[in-house]
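One structure is given here, and the rest of the page talks about it.
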Amino acid sequence: MIVQVFGDDCKMALAVSQAENGTRQCDRVSKPNTNGSHDIGVFQINTIHTPSKASVEQLKDCMHNIKVAKKIFDAQGWHPWSVYKTGKYKQYERI
């Protein structure tokens, strides 16, 4: 699904999603962050970054989560994901 949605950017998307959510569990919801937000789904999308104000239940759906992640990426690049800022995604990059 990630390859289908992200196309040419799929290698980086796969690395970021793996670094964010190593289990690739679609319905994973984090404990509350210090600001009260949550990270949800395969891309661990923070509720403050949801452009469509998607609900927690919607973000637990794998395809919906991936599509929202793509919208965020198209608007902001990889910067909203902490694993990008820290470089943690690099251990999951494949040549």
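A note on labels: chains of the structure tokens are A, B, ... as shown, every chain counts residues from 1, and ligands are counted from 1 in their shown order.
Contact shell of Met1 in chain A at 9 Å (only C-alpha atoms; same-chain neighbours under 5 positions omitted): Phe6, Cys62, Met63 and Ile66 of chain A.
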(request) Would you kindly return, as number ranges by chain, each protein, DNA or RNA residue with an atom no farther than 12 Å from any atom of Phe73 in chain A, considering only C-alpha atoms and excluding same-chain residues fewer than 3 positions away? (result) A: 5-6, 9-10, 12-13, 16, 43, 45, 49-51, 66-70, 76-81, 84
Export C-alpha atoms of the chosen residues as a PDB file, in the first residue's frame?
```
ATOM      1  CA  VAL A   5       0.464   5.618  -2.640  1.00  0.00           C
ATOM      2  CA  PHE A   6       3.995   7.080  -2.488  1.00  0.00           C
ATOM      3  CA  ASP A   9       9.094   8.295  -2.882  1.00  0.00           C
ATOM      4  CA  CYS A  10       8.231   4.812  -1.618  1.00  0.00           C
ATOM      5  CA  MET A  12      11.942   6.763   1.917  1.00  0.00           C
ATOM      6  CA  ALA A  13       8.306   6.288   2.953  1.00  0.00           C
ATOM      7  CA  VAL A  16      10.172   6.363   7.727  1.00  0.00           C
ATOM      8  CA  PHE A  43       3.077   6.255   9.985  1.00  0.00           C
ATOM      9  CA  ILE A  45       0.741  10.422  12.410  1.00  0.00           C
ATOM     10  CA  HIS A  49      -0.538  17.143  11.729  1.00  0.00           C
ATOM     11  CA  THR A  50      -3.751  15.753  10.281  1.00  0.00           C
ATOM     12  CA  PRO A  51      -4.703  18.122   7.475  1.00  0.00           C
ATOM     13  CA  ILE A  66      -0.954   6.139   4.373  1.00  0.00           C
ATOM     14  CA  LYS A  67      -2.979   8.604   2.288  1.00  0.00           C
ATOM     15  CA  VAL A  68      -2.943  11.187   5.092  1.00  0.00           C
ATOM     16  CA  ALA A  69       0.817  10.641   5.450  1.00  0.00           C
ATOM     17  CA  LYS A  70       1.203  11.338   1.721  1.00  0.00           C
ATOM     18  CA  GLN A  76       5.682  19.607   4.380  1.00  0.00           C
ATOM     19  CA  GLY A  77       8.160  16.969   3.253  1.00  0.00           C
ATOM     20  CA  TRP A  78       9.443  14.531   5.874  1.00  0.00           C
ATOM     21  CA  HIS A  79       9.981  17.214   8.526  1.00  0.00           C
ATOM     22  CA  PRO A  80       6.891  16.375  10.652  1.00  0.00           C
ATOM     23  CA  TRP A  81       8.339  12.908  11.406  1.00  0.00           C
ATOM     24  CA  TYR A  84      13.539  11.999   9.810  1.00  0.00           C
TER      25      TYR A  84
END
```
(request) From a DSSP calculation on the backbone, collect every residue of chain A in helix (DSSP H, G or I) and output the set as JSON, numbers by chain. (result) {"A": [2, 3, 4, 5, 6, 7, 8, 9, 10, 11, 12, 13, 14, 15, 16, 17, 18, 19, 20, 47, 48, 49, 56, 57, 58, 59, 62, 63, 64, 65, 66, 67, 68, 69, 70, 71, 72, 73, 74, 75, 76, 82, 83, 84, 85, 86, 88, 89, 90, 91, 92]}
(request) For CA of Gly41 in chain A and CA of Gln4 in chain A, quote the distance in Å rounded to one decimal. (result) 17.3 Å
(request) For Ala19 in chain A, list every protein, DNA or RNA residue within 9 Å, evaluated using only C-alpha atoms, and leave out those in the same chain fewer than 5 positions away; present the list as a list of chain:residue names. (result) A:Leu14, A:Phe43, A:Val83, A:Tyr84, A:Lys88, A:Tyr89, A:Lys90, A:Gln91, A:Tyr92
May I have the residues from that selection written out with all heavy atoms, as a CSV table (one decimal), in the first residue's frame?
```
chain,number,residue,atom,x,y,z
A,14,LEU,N,8.9,3.9,3.1
A,14,LEU,CA,9.0,2.6,3.8
A,14,LEU,C,9.9,2.8,5.0
A,14,LEU,O,9.7,2.2,6.1
A,14,LEU,CB,9.4,1.6,2.8
A,14,LEU,CG,8.4,1.1,1.8
A,14,LEU,CD1,9.0,0.3,0.7
A,14,LEU,CD2,7.3,0.3,2.5
A,43,PHE,N,2.1,5.1,10.1
A,43,PHE,CA,3.1,6.3,10.0
A,43,PHE,C,3.2,7.0,11.3
A,43,PHE,O,3.8,8.0,11.4
A,43,PHE,CB,2.7,7.2,8.8
A,43,PHE,CG,3.3,6.8,7.5
A,43,PHE,CD1,2.6,6.0,6.6
A,43,PHE,CD2,4.6,7.2,7.2
A,43,PHE,CE1,3.2,5.6,5.4
A,43,PHE,CE2,5.2,6.9,6.0
A,43,PHE,CZ,4.5,6.0,5.1
A,83,VAL,N,11.6,10.8,13.3
A,83,VAL,CA,12.7,9.9,12.8
A,83,VAL,C,13.4,10.4,11.6
A,83,VAL,O,14.6,10.0,11.4
A,83,VAL,CB,12.1,8.5,12.5
A,83,VAL,CG1,11.5,7.8,13.7
A,83,VAL,CG2,11.1,8.5,11.4
A,84,TYR,N,12.8,11.3,10.9
A,84,TYR,CA,13.5,12.0,9.8
A,84,TYR,C,14.5,13.0,10.4
A,84,TYR,O,15.7,13.0,10.0
A,84,TYR,CB,12.6,12.7,8.9
A,84,TYR,CG,13.3,13.5,7.8
A,84,TYR,CD1,13.8,12.8,6.7
A,84,TYR,CD2,13.4,14.9,7.9
A,84,TYR,CE1,14.5,13.5,5.7
A,84,TYR,CE2,14.1,15.6,6.9
A,84,TYR,CZ,14.6,14.9,5.8
A,84,TYR,OH,15.3,15.6,4.8
A,88,LYS,N,16.9,8.5,12.3
A,88,LYS,CA,16.7,7.1,12.7
A,88,LYS,C,16.2,6.3,11.5
A,88,LYS,O,16.4,5.1,11.4
A,88,LYS,CB,15.6,7.0,13.8
A,88,LYS,CG,15.3,5.6,14.3
A,88,LYS,CD,14.3,5.6,15.4
A,88,LYS,CE,14.0,4.2,15.8
A,88,LYS,NZ,13.0,4.1,16.8
A,89,TYR,N,15.5,6.9,10.5
A,89,TYR,CA,15.0,6.2,9.4
A,89,TYR,C,16.1,5.6,8.5
A,89,TYR,O,15.9,4.6,7.8
A,89,TYR,CB,14.2,7.2,8.5
A,89,TYR,CG,15.1,8.2,7.7
A,89,TYR,CD1,15.5,7.9,6.4
A,89,TYR,CD2,15.5,9.3,8.3
A,89,TYR,CE1,16.3,8.7,5.8
A,89,TYR,CE2,16.3,10.2,7.7
A,89,TYR,CZ,16.7,9.9,6.4
A,89,TYR,OH,17.6,10.8,5.7
A,90,LYS,N,17.4,6.1,8.6
A,90,LYS,CA,18.5,5.7,7.8
A,90,LYS,C,18.8,4.2,8.0
A,90,LYS,O,19.2,3.5,7.0
A,90,LYS,CB,19.7,6.5,8.0
A,90,LYS,CG,19.5,8.0,7.6
A,90,LYS,CD,20.7,8.8,7.9
A,90,LYS,CE,20.5,10.2,7.4
A,90,LYS,NZ,21.7,11.1,7.7
A,91,GLN,N,18.5,3.7,9.2
A,91,GLN,CA,18.8,2.3,9.4
A,91,GLN,C,17.9,1.4,8.6
A,91,GLN,O,18.1,0.2,8.5
A,91,GLN,CB,18.9,2.0,10.9
A,91,GLN,CG,17.5,2.1,11.6
A,91,GLN,CD,17.6,1.8,13.1
A,91,GLN,OE1,18.2,0.9,13.5
A,91,GLN,NE2,17.1,2.7,13.9
A,92,TYR,N,16.8,1.9,8.1
A,92,TYR,CA,15.8,1.1,7.4
A,92,TYR,C,15.8,1.4,5.9
A,92,TYR,O,15.0,0.8,5.1
A,92,TYR,CB,14.4,1.4,7.9
A,92,TYR,CG,14.3,1.1,9.4
A,92,TYR,CD1,14.3,2.0,10.4
A,92,TYR,CD2,14.1,-0.3,9.8
A,92,TYR,CE1,14.3,1.7,11.7
A,92,TYR,CE2,14.1,-0.6,11.1
A,92,TYR,CZ,14.1,0.4,12.1
A,92,TYR,OH,14.0,0.1,13.4
```
(message) If you run DSSP on the backbone here, which positions in range 3-81 of chain A get strand (DSSP E or B)? Please write them as number ranges by chain.
(response) A: 29, 39-40, 45-46
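The two atoms in question, CA of His38 in chain A and CA of Cys26 in chain A, are spaced 14.1 Å apart.
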(message) Just want the 9 Å neighbourhood of Gly22 in chain A, counted on only C-alpha atoms, with same-chain residues fewer than 4 positions away dropped. Output as number ranges by chain.
(response) A: 17-18, 42
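Picture a line from CA of Arg28 in chain A to CA of Lys71 in chain A; it runs 19.9 Å.
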